[in-house]
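Pasted below: target-v2.txt, compact mmCIF, C-alpha atoms.
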# COMPACT_ATOMS: atom_id res chain seq x y z
CA MET Y 1054 -43.17 -27.47 -29.31
CA GLU Y 1055 -45.10 -25.07 -31.50
CA THR Y 1056 -48.85 -25.67 -31.39
CA ILE Y 1057 -50.98 -24.62 -34.33
CA GLY Y 1058 -54.63 -24.45 -33.46
CA LEU Y 1059 -57.70 -24.53 -35.62
CA ASN Y 1060 -58.69 -21.01 -36.66
CA HIS Y 1061 -60.23 -18.97 -39.44
CA ARG Y 1062 -57.69 -20.33 -41.93
CA VAL Y 1063 -59.38 -23.73 -41.78
CA PHE Y 1064 -61.84 -23.47 -44.66
CA LEU Y 1065 -63.68 -20.16 -44.52
CA SER Y 1066 -64.66 -19.84 -40.87
CA LYS Y 1067 -65.20 -21.81 -37.69
CA THR Y 1068 -68.77 -22.39 -38.82
CA CYS Y 1069 -67.36 -24.90 -41.32
CA PHE Y 1070 -67.16 -27.53 -38.58
CA GLY Y 1071 -70.89 -28.23 -38.71
CA ALA Y 1072 -72.41 -30.34 -41.46
CA ALA Y 1073 -74.29 -27.44 -42.97
CA GLY Y 1074 -71.24 -25.20 -42.75
CA ALA Y 1075 -69.11 -27.83 -44.43
CA LEU Y 1076 -71.43 -27.95 -47.38
CA ALA Y 1077 -71.51 -24.20 -47.61
CA CYS Y 1078 -67.70 -24.04 -47.51
CA LEU Y 1079 -67.15 -26.64 -50.24
CA MET Y 1080 -67.54 -26.47 -53.97
CA SER Y 1081 -69.55 -29.26 -55.54
CA VAL Y 1082 -67.90 -30.84 -58.57
CA GLY Y 1083 -69.49 -33.30 -61.00
CA CYS Y 1084 -67.93 -36.73 -61.29
CA GLY Y 1085 -68.10 -40.09 -62.99
CA SER Y 1086 -65.73 -42.70 -64.39
CA GLY Y 1087 -64.73 -44.38 -67.57
CA GLY Y 1088 -63.09 -47.23 -69.45
CA THR Y 1089 -63.59 -50.26 -71.67
CA LEU Y 1090 -63.19 -53.98 -71.13
CA LEU Y 1091 -59.91 -55.71 -71.78
CA PRO Y 1092 -60.11 -58.34 -74.53
CA GLY Y 1093 -60.66 -61.80 -73.10
CA THR Y 1094 -61.46 -60.65 -69.59
CA ASN Y 1095 -64.54 -61.49 -67.55
CA SER Y 1096 -67.04 -58.62 -67.60
CA SER Y 1097 -68.14 -59.46 -64.06
CA THR Y 1098 -64.70 -58.53 -62.73
CA THR Y 1099 -63.68 -55.67 -65.03
CA LYS Y 1100 -66.86 -53.71 -65.70
CA PRO Y 1101 -66.04 -49.97 -65.75
CA VAL Y 1102 -68.44 -47.18 -64.91
CA PRO Y 1103 -69.28 -44.84 -67.85
CA GLY Y 1104 -67.83 -41.33 -67.86
CA ALA Y 1105 -64.67 -39.92 -66.32
CA PRO Y 1106 -64.20 -37.38 -63.52
CA ALA Y 1107 -63.51 -33.91 -64.89
CA GLY Y 1108 -61.58 -31.03 -63.38
CA PRO Y 1109 -58.84 -31.01 -60.74
CA ASN Y 1110 -58.63 -33.62 -58.02
CA LEU Y 1111 -56.46 -34.31 -55.01
CA GLY Y 1112 -56.21 -38.04 -55.64
CA TYR Y 1113 -58.29 -41.18 -55.23
CA ILE Y 1114 -59.45 -43.06 -52.16
CA TRP Y 1115 -60.17 -46.76 -51.89
CA SER Y 1116 -63.01 -47.94 -49.65
CA GLY Y 1117 -63.00 -51.54 -48.52
CA THR Y 1118 -66.54 -51.14 -47.22
CA ASP Y 1119 -68.16 -51.06 -50.66
CA GLY Y 1120 -65.21 -51.79 -52.95
CA SER Y 1121 -65.17 -48.31 -54.47
CA LEU Y 1122 -62.35 -46.15 -55.81
CA ARG Y 1123 -63.43 -42.52 -55.65
CA PRO Y 1124 -61.80 -39.24 -56.71
CA ILE Y 1125 -61.41 -36.44 -54.19
CA GLN Y 1126 -62.53 -33.74 -56.60
CA GLY Y 1127 -61.61 -30.09 -56.35
CA VAL Y 1128 -58.68 -28.43 -54.63
CA SER Y 1129 -57.38 -28.30 -51.09
CA GLY Y 1130 -59.96 -26.46 -48.99
CA SER Y 1131 -62.75 -26.91 -51.54
CA ALA Y 1132 -63.32 -30.54 -52.42
CA VAL Y 1133 -65.89 -33.31 -52.46
CA VAL Y 1134 -65.65 -37.10 -52.71
CA GLY Y 1135 -66.90 -38.15 -56.15
CA GLN Y 1136 -68.59 -41.22 -57.57
CA SER Y 1137 -66.58 -44.44 -57.79
CA ILE Y 1138 -64.75 -44.91 -61.09
CA VAL Y 1139 -65.12 -48.70 -60.75
CA ALA Y 1140 -68.31 -50.67 -60.25
CA THR Y 1141 -68.65 -51.09 -56.49
CA GLY Y 1142 -68.05 -54.64 -55.33
CA THR Y 1143 -65.91 -55.55 -58.33
CA TYR Y 1144 -62.66 -55.46 -56.38
CA VAL Y 1145 -61.71 -56.46 -52.83
CA ALA Y 1146 -58.62 -54.26 -52.34
CA GLY Y 1147 -57.15 -51.17 -53.92
CA ALA Y 1148 -54.87 -48.16 -53.62
CA ALA Y 1149 -53.91 -45.14 -55.70
CA SER Y 1150 -50.89 -42.87 -56.08
CA ALA Y 1151 -51.47 -39.15 -56.53
CA ALA Y 1152 -47.84 -38.76 -57.61
CA SER Y 1153 -48.01 -41.16 -60.58
CA GLY Y 1154 -51.74 -41.10 -61.29
CA LEU Y 1155 -51.89 -44.89 -61.11
CA GLY Y 1156 -54.23 -47.20 -59.23
CA LEU Y 1157 -53.93 -50.86 -58.27
CA VAL Y 1158 -56.96 -53.07 -57.61
CA GLU Y 1159 -57.31 -56.72 -56.60
CA ASP Y 1160 -60.31 -58.88 -57.51
CA SER Y 1161 -61.82 -61.77 -55.56
CA THR Y 1162 -59.58 -64.33 -57.31
CA GLY Y 1163 -56.38 -62.64 -56.10
CA SER Y 1164 -55.60 -61.11 -59.50
CA LEU Y 1165 -54.08 -57.61 -59.52
CA PHE Y 1166 -54.75 -54.93 -62.13
CA VAL Y 1167 -53.26 -51.50 -62.76
CA LEU Y 1168 -55.41 -48.48 -63.68
CA ASP Y 1169 -54.14 -45.42 -65.53
CA LEU Y 1170 -56.34 -42.95 -63.68
CA PRO Y 1171 -58.89 -41.54 -64.26
CA SER Y 1172 -59.53 -44.47 -66.61
CA SER Y 1173 -61.10 -47.51 -64.98
CA THR Y 1174 -59.83 -49.85 -67.70
CA PRO Y 1175 -57.86 -52.57 -65.89
CA ALA Y 1176 -54.59 -54.01 -67.18
CA PHE Y 1177 -53.62 -57.36 -65.69
CA VAL Y 1178 -50.41 -57.39 -63.66
CA THR Y 1179 -50.24 -60.64 -61.68
CA LYS Y 1180 -52.23 -63.21 -59.72
CA GLY Y 1181 -51.94 -65.14 -56.48
CA LEU Y 1182 -52.30 -62.24 -54.05
CA PRO Y 1183 -53.73 -62.89 -50.57
CA SER Y 1184 -57.35 -61.81 -50.27
CA GLN Y 1185 -57.73 -58.11 -49.48
CA ALA Y 1186 -54.01 -57.48 -49.73
CA THR Y 1187 -52.46 -54.31 -48.37
CA ILE Y 1188 -51.08 -52.30 -51.31
CA ILE Y 1189 -48.38 -49.67 -50.73
CA PHE Y 1190 -46.99 -47.42 -53.48
CA SER Y 1191 -43.49 -45.95 -53.53
CA PRO Y 1192 -43.37 -42.16 -52.96
CA ASN Y 1193 -43.39 -41.33 -56.68
CA GLY Y 1194 -45.82 -44.15 -57.47
CA GLY Y 1195 -43.83 -46.15 -60.00
CA GLU Y 1196 -43.23 -49.12 -57.70
CA ALA Y 1197 -45.42 -50.86 -55.13
CA VAL Y 1198 -45.65 -53.81 -52.75
CA ALA Y 1199 -48.66 -55.99 -51.92
CA TYR Y 1200 -48.88 -58.30 -48.93
CA GLY Y 1201 -51.19 -59.76 -46.34
CA ALA Y 1202 -50.77 -58.71 -42.72
CA GLY Y 1203 -49.25 -61.67 -40.94
CA GLY Y 1204 -48.31 -63.21 -44.28
CA THR Y 1205 -44.96 -64.74 -45.17
CA SER Y 1206 -44.35 -63.20 -48.60
CA VAL Y 1207 -44.34 -59.83 -50.38
CA THR Y 1208 -45.30 -59.24 -54.00
CA VAL Y 1209 -42.93 -56.61 -55.38
CA LEU Y 1210 -44.34 -54.59 -58.29
CA SER Y 1211 -42.05 -52.58 -60.56
CA ASN Y 1212 -42.22 -50.45 -63.72
CA LEU Y 1213 -45.94 -49.83 -63.14
CA ALA Y 1214 -46.13 -46.87 -65.52
CA THR Y 1215 -44.52 -48.65 -68.47
CA LYS Y 1216 -44.27 -52.44 -68.34
CA PRO Y 1217 -45.50 -53.76 -64.97
CA GLN Y 1218 -43.61 -56.69 -63.51
CA ALA Y 1219 -44.31 -58.72 -60.37
CA ASN Y 1220 -42.02 -60.82 -58.20
CA GLN Y 1221 -43.24 -62.70 -55.15
CA VAL Y 1222 -40.56 -62.83 -52.46
CA GLY Y 1223 -40.83 -65.12 -49.45
CA MET Y 1224 -39.77 -64.08 -45.97
CA PRO Y 1225 -36.88 -66.08 -44.50
CA GLY Y 1226 -37.72 -68.87 -42.10
CA GLY Y 1227 -41.43 -68.23 -42.43
CA SER Y 1228 -41.16 -64.87 -40.66
CA LYS Y 1229 -44.49 -63.04 -40.54
CA LEU Y 1230 -44.97 -59.52 -41.84
CA ALA Y 1231 -46.07 -56.57 -39.74
CA GLY Y 1232 -45.63 -54.15 -42.65
CA ALA Y 1233 -43.72 -53.32 -45.82
CA ALA Y 1234 -42.71 -50.30 -47.89
CA VAL Y 1235 -40.82 -49.74 -51.14
CA SER Y 1236 -38.52 -46.97 -52.39
CA ASP Y 1237 -38.62 -45.34 -55.81
CA ALA Y 1238 -35.54 -47.41 -56.66
CA GLY Y 1239 -37.38 -50.63 -55.74
CA THR Y 1240 -35.72 -51.32 -52.37
CA VAL Y 1241 -38.16 -53.21 -50.13
CA LEU Y 1242 -38.35 -52.48 -46.41
CA VAL Y 1243 -40.10 -54.97 -44.14
CA ALA Y 1244 -41.08 -55.14 -40.48
CA THR Y 1245 -41.54 -58.54 -38.86
CA GLN Y 1246 -44.08 -59.71 -36.31
CA ALA Y 1247 -41.56 -60.35 -33.55
CA SER Y 1248 -40.46 -58.95 -30.22
CA PRO Y 1249 -38.65 -56.72 -30.81
CA VAL Y 1250 -39.85 -55.91 -34.33
CA VAL Y 1251 -37.01 -56.28 -36.82
CA VAL Y 1252 -36.92 -53.65 -39.58
CA GLY Y 1253 -34.75 -54.49 -42.57
CA THR Y 1254 -34.42 -54.59 -46.33
CA LEU Y 1255 -35.71 -57.65 -48.19
CA SER Y 1256 -33.67 -58.83 -51.16
CA ALA Y 1257 -35.12 -60.45 -54.29
CA SER Y 1258 -33.83 -63.80 -53.01
CA GLY Y 1259 -35.67 -63.45 -49.68
CA VAL Y 1260 -32.83 -62.33 -47.41
CA VAL Y 1261 -33.62 -59.74 -44.73
CA SER Y 1262 -30.75 -57.40 -43.87
CA ARG Y 1263 -31.47 -56.03 -40.41
CA LEU Y 1264 -31.32 -52.22 -40.08
CA THR Y 1265 -32.89 -51.52 -36.69
CA THR Y 1266 -35.49 -52.78 -34.23
CA VAL Y 1267 -38.54 -51.18 -32.60
CA ALA Y 1268 -40.62 -52.34 -29.66
CA GLN Y 1269 -43.85 -51.94 -31.63
CA ALA Y 1270 -44.33 -51.03 -35.28
CA GLY Y 1271 -45.60 -47.47 -35.58
CA GLY Y 1272 -45.35 -46.97 -39.33
CA MET Y 1273 -42.56 -46.70 -41.90
CA SER Y 1274 -42.10 -45.20 -45.34
CA PHE Y 1275 -39.45 -44.01 -47.79
CA LEU Y 1276 -38.66 -40.43 -48.71
CA ALA Y 1277 -39.26 -39.54 -52.35
CA GLY Y 1278 -36.37 -40.21 -54.71
CA ALA Y 1279 -34.09 -41.45 -51.94
CA GLU Y 1280 -32.98 -44.59 -50.14
CA ASP Y 1281 -33.83 -42.92 -46.83
CA ALA Y 1282 -36.65 -44.31 -44.70
CA LEU Y 1283 -38.72 -43.04 -41.78
CA VAL Y 1284 -39.44 -45.57 -39.02
CA ALA Y 1285 -41.66 -44.97 -35.97
CA ASP Y 1286 -41.82 -46.93 -32.72
CA ALA Y 1287 -45.33 -46.96 -31.24
CA ALA Y 1288 -44.18 -48.23 -27.85
CA GLY Y 1289 -41.01 -46.17 -27.55
CA ASN Y 1290 -42.66 -43.00 -28.94
CA THR Y 1291 -39.71 -42.34 -31.25
CA VAL Y 1292 -39.20 -41.54 -34.93
CA SER Y 1293 -35.94 -42.27 -36.76
CA LEU Y 1294 -34.60 -41.39 -40.19
CA LEU Y 1295 -32.58 -44.23 -41.70
CA HIS Y 1296 -30.19 -42.75 -44.24
CA ASN Y 1297 -29.09 -44.94 -47.16
CA VAL Y 1298 -30.75 -48.22 -46.25
CA SER Y 1299 -29.29 -49.95 -49.30
CA GLY Y 1300 -25.71 -48.82 -48.60
CA THR Y 1301 -23.78 -47.45 -45.64
CA LEU Y 1302 -26.51 -46.98 -43.03
CA ASN Y 1303 -26.74 -43.94 -40.79
CA VAL Y 1304 -29.58 -43.83 -38.24
CA GLN Y 1305 -30.72 -40.37 -37.14
CA SER Y 1306 -33.09 -39.94 -34.20
CA LEU Y 1307 -35.61 -37.18 -34.93
CA GLY Y 1308 -37.16 -34.83 -32.40
CA ALA Y 1309 -39.62 -36.97 -30.46
CA ALA Y 1310 -41.38 -34.27 -28.44
CA GLY Y 1311 -45.12 -34.90 -28.74
CA VAL Y 1312 -44.87 -38.33 -30.40
CA ASN Y 1313 -47.56 -40.43 -28.72
CA GLN Y 1314 -48.14 -44.00 -29.90
CA PRO Y 1315 -47.51 -43.20 -33.58
CA LEU Y 1316 -49.50 -45.23 -36.10
CA ALA Y 1317 -48.14 -43.77 -39.36
CA VAL Y 1318 -45.20 -41.70 -40.57
CA GLN Y 1319 -44.82 -40.20 -44.04
CA GLY Y 1320 -42.55 -37.72 -45.82
CA SER Y 1321 -43.67 -34.79 -47.95
CA GLN Y 1322 -42.98 -35.14 -51.67
CA ASP Y 1323 -40.05 -32.71 -51.46
CA ALA Y 1324 -38.57 -34.73 -48.55
CA ARG Y 1325 -38.50 -31.59 -46.40
CA TRP Y 1326 -40.99 -32.74 -43.77
CA ALA Y 1327 -41.73 -35.89 -41.82
CA VAL Y 1328 -45.38 -36.13 -40.78
CA VAL Y 1329 -46.39 -38.29 -37.81
CA ALA Y 1330 -49.96 -39.34 -36.97
CA ASN Y 1331 -50.43 -40.15 -33.30
CA GLY Y 1332 -52.63 -42.97 -32.11
CA GLY Y 1333 -52.42 -41.97 -28.44
CA ASP Y 1334 -54.05 -38.58 -28.97
CA HIS Y 1335 -55.55 -36.51 -31.80
CA ASN Y 1336 -52.34 -34.77 -32.82
CA VAL Y 1337 -50.50 -34.71 -36.14
CA LEU Y 1338 -46.85 -33.60 -35.99
CA TRP Y 1339 -44.63 -31.94 -38.59
CA ILE Y 1340 -40.86 -32.48 -38.24
CA ASP Y 1341 -38.50 -30.29 -40.28
CA LEU Y 1342 -35.93 -32.64 -41.83
CA LYS Y 1343 -33.85 -29.76 -43.21
CA ASN Y 1344 -33.55 -27.30 -40.35
CA GLY Y 1345 -34.48 -29.42 -37.35
CA GLY Y 1346 -36.12 -27.82 -34.34
CA ALA Y 1347 -39.17 -28.80 -32.30
CA PRO Y 1348 -42.06 -30.42 -34.20
CA ALA Y 1349 -45.12 -28.34 -35.01
CA LYS Y 1350 -48.45 -29.78 -33.89
CA LEU Y 1351 -51.97 -29.81 -35.28
CA THR Y 1352 -54.80 -31.06 -33.09
CA CYS Y 1353 -57.68 -32.66 -34.97
CA SER Y 1354 -61.22 -33.34 -33.78
CA CYS Y 1355 -60.79 -36.63 -35.65
CA GLN Y 1356 -58.67 -39.67 -34.82
CA ALA Y 1357 -56.11 -40.23 -37.56
CA THR Y 1358 -55.93 -43.81 -38.84
CA GLU Y 1359 -53.40 -43.36 -41.67
CA LEU Y 1360 -51.32 -40.90 -43.69
CA SER Y 1361 -51.89 -40.84 -47.44
CA LEU Y 1362 -50.12 -38.23 -49.56
CA LEU Y 1363 -52.38 -36.28 -51.93
CA ALA Y 1364 -51.74 -34.11 -55.00
CA GLY Y 1365 -49.26 -31.29 -54.50
CA GLY Y 1366 -47.06 -33.39 -52.24
CA LYS Y 1367 -47.78 -31.58 -48.97
CA THR Y 1368 -51.36 -32.57 -48.17
CA PHE Y 1369 -52.08 -35.77 -46.26
CA ARG Y 1370 -55.35 -37.65 -45.86
CA LEU Y 1371 -55.78 -38.76 -42.26
CA ASN Y 1372 -58.64 -41.26 -42.36
CA GLU Y 1373 -60.68 -43.61 -44.51
CA LEU Y 1374 -64.12 -43.17 -46.01
CA GLY Y 1375 -66.88 -43.62 -43.47
CA ASP Y 1376 -69.96 -41.98 -42.03
CA GLY Y 1377 -68.05 -38.83 -41.09
CA PRO Y 1378 -65.93 -36.38 -43.10
CA LEU Y 1379 -62.50 -37.03 -44.58
CA TRP Y 1380 -59.81 -35.08 -42.74
CA MET Y 1381 -56.66 -33.68 -44.35
CA ALA Y 1382 -53.53 -32.04 -42.95
CA ASP Y 1383 -52.28 -29.35 -45.36
CA LEU Y 1384 -48.72 -28.02 -45.34
CA THR Y 1385 -48.88 -26.11 -48.61
CA GLY Y 1386 -49.19 -22.66 -47.04
CA SER Y 1387 -47.02 -20.80 -44.56
CA THR Y 1388 -49.06 -22.22 -41.68
CA PRO Y 1389 -50.14 -25.89 -41.54
CA GLN Y 1390 -53.90 -26.34 -41.28
CA LEU Y 1391 -56.57 -29.00 -41.01
CA LEU Y 1392 -59.19 -29.26 -43.73
CA PHE Y 1393 -62.07 -31.64 -44.23
CA VAL Y 1394 -64.28 -32.99 -46.98
CA PRO Y 1395 -67.97 -33.79 -46.23
CA ALA Y 1396 -69.04 -37.37 -45.75
CA VAL Y 1397 -70.25 -39.31 -48.77
CA LYS Y 1398 -74.06 -39.28 -48.86
Whole structure given in structure tokens:
Amino acid sequence: METIGLNHRVFLSKTCFGAAGALACLMSVGCGSGGTLLPGTNSSTTKPVPGAPAGPNLGYIWSGTDGSLRPIQGVSGSAVVGQSIVATGTYVAGAASAASGLGLVEDSTGSLFVLDLPSSTPAFVTKGLPSQATIIFSPNGGEAVAYGAGGTSVTVLSNLATKPQANQVGMPGGSKLAGAAVSDAGTVLVATQASPVVVGTLSASGVVSRLTTVAQAGGMSFLAGAEDALVADAAGNTVSLLHNVSGTLNVQSLGAAGVNQPLAVQGSQDARWAVVANGGDHNVLWIDLKNGGAPAKLTCSCQATELSLLAGGKTFRLNELGDGPLWMADLTGSTPQLLFVPAVK
């Protein structure tokens, strides 16, 4: 396994790992938000914040702590977390797609709205979501799924960029969800809370077609523009690529060297790389899906909690907003590197 350590390529120098150094290494960018109220909607649940973030950004990040949706303003290696584009506390769940420039937010009544970012003007999509639903976009951001962990149904969201539609699909026999994902073609992948965990496609009529099983769910996602899915097993320390999940299935085991209790797996936008975030150590792995070979490894001083693809298609956010910095794994250059954005003050 190739190990890539932290060096002078991470920001400007090793001094960037202190708080003062981080501020010195990053470019401050002004921010704000904008939008108007939808006719006939309640101002207490749709109030936008004046202004709109200007300049380049890497995407948006939802914080369940204060109900904010904030831009990561700037470029990779020189960015700051901006002001929320929605009034904090207005929504209870949210997510954003850097690929499509769309956001989805849920209010306290279970109603879901789509945002055409950077606008904070909400357009109603559907209602009846579980409180604080998990929202997952497809790789290119035109489709999404929303569900509650341990719930028995998935809300499938399609045509988000043009004419959003929602379809709530129940799990068969009251099976409980451990996770869900959706392809750019709208194929829904689900993992059940069972032993072993069943991973399969969920039809519009609520039929699960079993594809594989894992001992413990360690993350799953689709590759962009394809019916191929990545599935990780947190107990078995394996990662598999499921080719053509909606047709003739072919399961490919990927190089597992270094996989340690994976908690998330995600493909780059060009479908060249599979990225694995370990929960058993502080490593993030890159697996070459085109040429194969041993995974490359980045060791972070953080503990990854997720993988969220940012603008450019090869930069991944590793954690949520909190008291510390945001960490990102960047594959855009010839050598993968870890970058970070200072904590929100």
Point-to-point distance from CA of Leu1283 in chain Y to CA of Thr1208 in chain Y, Å rounded to tenths: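 Spanning CA of Leu1283 in chain Y to CA of Thr1208 in chain Y is a straight-line distance of 21.3 Å.
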Q) Mind pulling up the distance from CA of Leu1338 in chain Y to CA of Lys1350 in chain Y? A)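 For CA of Lys1350 in chain Y relative to CA of Leu1338 in chain Y, the distance reads 4.6 Å.
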*Which residue of Y:Leu1307, Y:Leu1391, Y:Val1328, Y:Ala1197 approaches Gly1366 in chain Y most closely, using all atoms listed in the file*: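 Closest to Gly1366 in chain Y, using all atoms listed in the file: Y:Val1328.
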CA of Gly1253 in chain Y to CA of Val1167 in chain Y measures 27.6 Å
- Between Y:Gln1185, Y:Thr1291, Y:Asn1331, Y:Thr1266, which one has atoms that come closest to Ser1248 in chain Y, using only C-alpha atoms?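 Among Y:Gln1185, Y:Thr1291, Y:Asn1331, Y:Thr1266, it is Y:Thr1266 that comes nearest to Ser1248 in chain Y.
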The residues within 7 Å of (-66.4, -50.5, -58.9), using all atoms listed in the file and the coordinates of the file, should be reported as a short mmCIF file (atom, residue, chain, number, x, y, z; two decimals) with C-alpha atoms, keeping the file's coordinate frame; which are they?
data_model
loop_
_atom_site.label_atom_id
_atom_site.label_comp_id
_atom_site.auth_asym_id
_atom_site.auth_seq_id
_atom_site.Cartn_x
_atom_site.Cartn_y
_atom_site.Cartn_z
CA PRO Y 1101 -66.04 -49.97 -65.75
CA GLY Y 1120 -65.21 -51.79 -52.95
CA SER Y 1121 -65.17 -48.31 -54.47
CA LEU Y 1122 -62.35 -46.15 -55.81
CA SER Y 1137 -66.58 -44.44 -57.79
CA ILE Y 1138 -64.75 -44.91 -61.09
CA VAL Y 1139 -65.12 -48.70 -60.75
CA ALA Y 1140 -68.31 -50.67 -60.25
CA THR Y 1141 -68.65 -51.09 -56.49
CA GLY Y 1142 -68.05 -54.64 -55.33
CA THR Y 1143 -65.91 -55.55 -58.33
CA TYR Y 1144 -62.66 -55.46 -56.38
#
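Counting only C-alpha atoms, the residue from Y:Thr1205, Y:Ala1396, Y:Leu1264, Y:Gln1319 that sits nearest to Thr1301 in chain Y is Y:Leu1264.
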| field | Minimum-distance residue to Leu1182 in chain Y, chosen among Y:Asp1119, Y:Asp1323, Y:Asp1160, Y:Asp1334 (using only C-alpha atoms) | value |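 Using only C-alpha atoms, the shortest distance to Leu1182 in chain Y belongs to Y:Asp1160.
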If you count only C-alpha atoms, the residue of Y:Ala1347, Y:Ala1231, Y:Ala1176, Y:Cys1355 closest to Gly1332 in chain Y turns out to be Y:Cys1355
Handout entry: 12 Å contact set for range 1373-1378 of chain Y, only C-alpha atoms, chain neighbours under 5 positions out, as JSON, numbers by chain
Key = {"Y": [1069, 1070, 1071, 1072, 1075, 1076, 1113, 1114, 1115, 1116, 1117, 1118, 1119, 1120, 1121, 1122, 1123, 1124, 1125, 1132, 1133, 1134, 1135, 1148, 1354, 1355, 1356, 1357, 1358, 1359, 1360, 1361, 1392, 1393, 1394, 1395, 1396, 1397, 1398]}
Would you mind exporting the chosen residues as an mmCIF file, keeping the file's coordinate frame, restricted to C-alpha atoms?
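Once written, selection01.cif looks like this:
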data_model
loop_
_atom_site.group_PDB
_atom_site.id
_atom_site.type_symbol
_atom_site.label_atom_id
_atom_site.label_comp_id
_atom_site.auth_asym_id
_atom_site.auth_seq_id
_atom_site.Cartn_x
_atom_site.Cartn_y
_atom_site.Cartn_z
ATOM 1 C CA CYS Y 1069 -67.360 -24.900 -41.320
ATOM 2 C CA PHE Y 1070 -67.160 -27.530 -38.580
ATOM 3 C CA GLY Y 1071 -70.890 -28.230 -38.710
ATOM 4 C CA ALA Y 1072 -72.410 -30.340 -41.460
ATOM 5 C CA ALA Y 1075 -69.110 -27.830 -44.430
ATOM 6 C CA LEU Y 1076 -71.430 -27.950 -47.380
ATOM 7 C CA TYR Y 1113 -58.290 -41.180 -55.230
ATOM 8 C CA ILE Y 1114 -59.450 -43.060 -52.160
ATOM 9 C CA TRP Y 1115 -60.170 -46.760 -51.890
ATOM 10 C CA SER Y 1116 -63.010 -47.940 -49.650
ATOM 11 C CA GLY Y 1117 -63.000 -51.540 -48.520
ATOM 12 C CA THR Y 1118 -66.540 -51.140 -47.220
ATOM 13 C CA ASP Y 1119 -68.160 -51.060 -50.660
ATOM 14 C CA GLY Y 1120 -65.210 -51.790 -52.950
ATOM 15 C CA SER Y 1121 -65.170 -48.310 -54.470
ATOM 16 C CA LEU Y 1122 -62.350 -46.150 -55.810
ATOM 17 C CA ARG Y 1123 -63.430 -42.520 -55.650
ATOM 18 C CA PRO Y 1124 -61.800 -39.240 -56.710
ATOM 19 C CA ILE Y 1125 -61.410 -36.440 -54.190
ATOM 20 C CA ALA Y 1132 -63.320 -30.540 -52.420
ATOM 21 C CA VAL Y 1133 -65.890 -33.310 -52.460
ATOM 22 C CA VAL Y 1134 -65.650 -37.100 -52.710
ATOM 23 C CA GLY Y 1135 -66.900 -38.150 -56.150
ATOM 24 C CA ALA Y 1148 -54.870 -48.160 -53.620
ATOM 25 C CA SER Y 1354 -61.220 -33.340 -33.780
ATOM 26 C CA CYS Y 1355 -60.790 -36.630 -35.650
ATOM 27 C CA GLN Y 1356 -58.670 -39.670 -34.820
ATOM 28 C CA ALA Y 1357 -56.110 -40.230 -37.560
ATOM 29 C CA THR Y 1358 -55.930 -43.810 -38.840
ATOM 30 C CA GLU Y 1359 -53.400 -43.360 -41.670
ATOM 31 C CA LEU Y 1360 -51.320 -40.900 -43.690
ATOM 32 C CA SER Y 1361 -51.890 -40.840 -47.440
ATOM 33 C CA LEU Y 1392 -59.190 -29.260 -43.730
ATOM 34 C CA PHE Y 1393 -62.070 -31.640 -44.230
ATOM 35 C CA VAL Y 1394 -64.280 -32.990 -46.980
ATOM 36 C CA PRO Y 1395 -67.970 -33.790 -46.230
ATOM 37 C CA ALA Y 1396 -69.040 -37.370 -45.750
ATOM 38 C CA VAL Y 1397 -70.250 -39.310 -48.770
ATOM 39 C CA LYS Y 1398 -74.060 -39.280 -48.860
#
Among Y:Ala1202, Y:Ala1214, Y:Ala1151, Y:Leu1276, Ala1244 in chain Y is approached most closely, using only C-alpha atoms, by Y:Ala1202
Taking every listed atom of range 1315-1326 of chain Y and adding 8 Å to each side, what centre and edge lengths in Å (one decimal) does the axis-aligned box have, as AutoDock Vina command-line options?
--center_x -44.0 --center_y -38.4 --center_z -42.6 --size_x 27.0 --size_y 29.6 --size_z 34.1
Got a minute to add N, CA and C atoms to range 1347-1355 of chain Y and dump it as a PDB file, in the frame of the given file?
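File produced: result_13.pdb:
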ATOM      1  N   ALA Y1347     -38.035 -28.079 -32.892  1.00  0.00           N
ATOM      2  CA  ALA Y1347     -39.170 -28.800 -32.300  1.00  0.00           C
ATOM      3  C   ALA Y1347     -40.264 -29.027 -33.329  1.00  0.00           C
ATOM      4  N   PRO Y1348     -40.955 -30.169 -33.259  1.00  0.00           N
ATOM      5  CA  PRO Y1348     -42.060 -30.420 -34.200  1.00  0.00           C
ATOM      6  C   PRO Y1348     -43.188 -29.410 -34.001  1.00  0.00           C
ATOM      7  N   ALA Y1349     -43.886 -29.108 -35.091  1.00  0.00           N
ATOM      8  CA  ALA Y1349     -45.120 -28.340 -35.010  1.00  0.00           C
ATOM      9  C   ALA Y1349     -46.268 -29.326 -34.829  1.00  0.00           C
ATOM     10  N   LYS Y1350     -47.352 -28.876 -34.233  1.00  0.00           N
ATOM     11  CA  LYS Y1350     -48.450 -29.780 -33.890  1.00  0.00           C
ATOM     12  C   LYS Y1350     -49.786 -29.223 -34.369  1.00  0.00           C
ATOM     13  N   LEU Y1351     -50.577 -30.094 -34.964  1.00  0.00           N
ATOM     14  CA  LEU Y1351     -51.970 -29.810 -35.280  1.00  0.00           C
ATOM     15  C   LEU Y1351     -52.836 -30.759 -34.463  1.00  0.00           C
ATOM     16  N   THR Y1352     -53.875 -30.232 -33.846  1.00  0.00           N
ATOM     17  CA  THR Y1352     -54.800 -31.060 -33.090  1.00  0.00           C
ATOM     18  C   THR Y1352     -56.113 -31.171 -33.850  1.00  0.00           C
ATOM     19  N   CYS Y1353     -56.487 -32.404 -34.161  1.00  0.00           N
ATOM     20  CA  CYS Y1353     -57.680 -32.660 -34.970  1.00  0.00           C
ATOM     21  C   CYS Y1353     -58.829 -33.121 -34.084  1.00  0.00           C
ATOM     22  N   SER Y1354     -60.055 -32.797 -34.493  1.00  0.00           N
ATOM     23  CA  SER Y1354     -61.220 -33.340 -33.780  1.00  0.00           C
ATOM     24  C   SER Y1354     -61.494 -34.766 -34.230  1.00  0.00           C
ATOM     25  N   CYS Y1355     -60.686 -35.247 -35.172  1.00  0.00           N
ATOM     26  CA  CYS Y1355     -60.790 -36.630 -35.650  1.00  0.00           C
ATOM     27  C   CYS Y1355     -59.703 -37.463 -34.987  1.00  0.00           C
TER      28      CYS Y1355
END
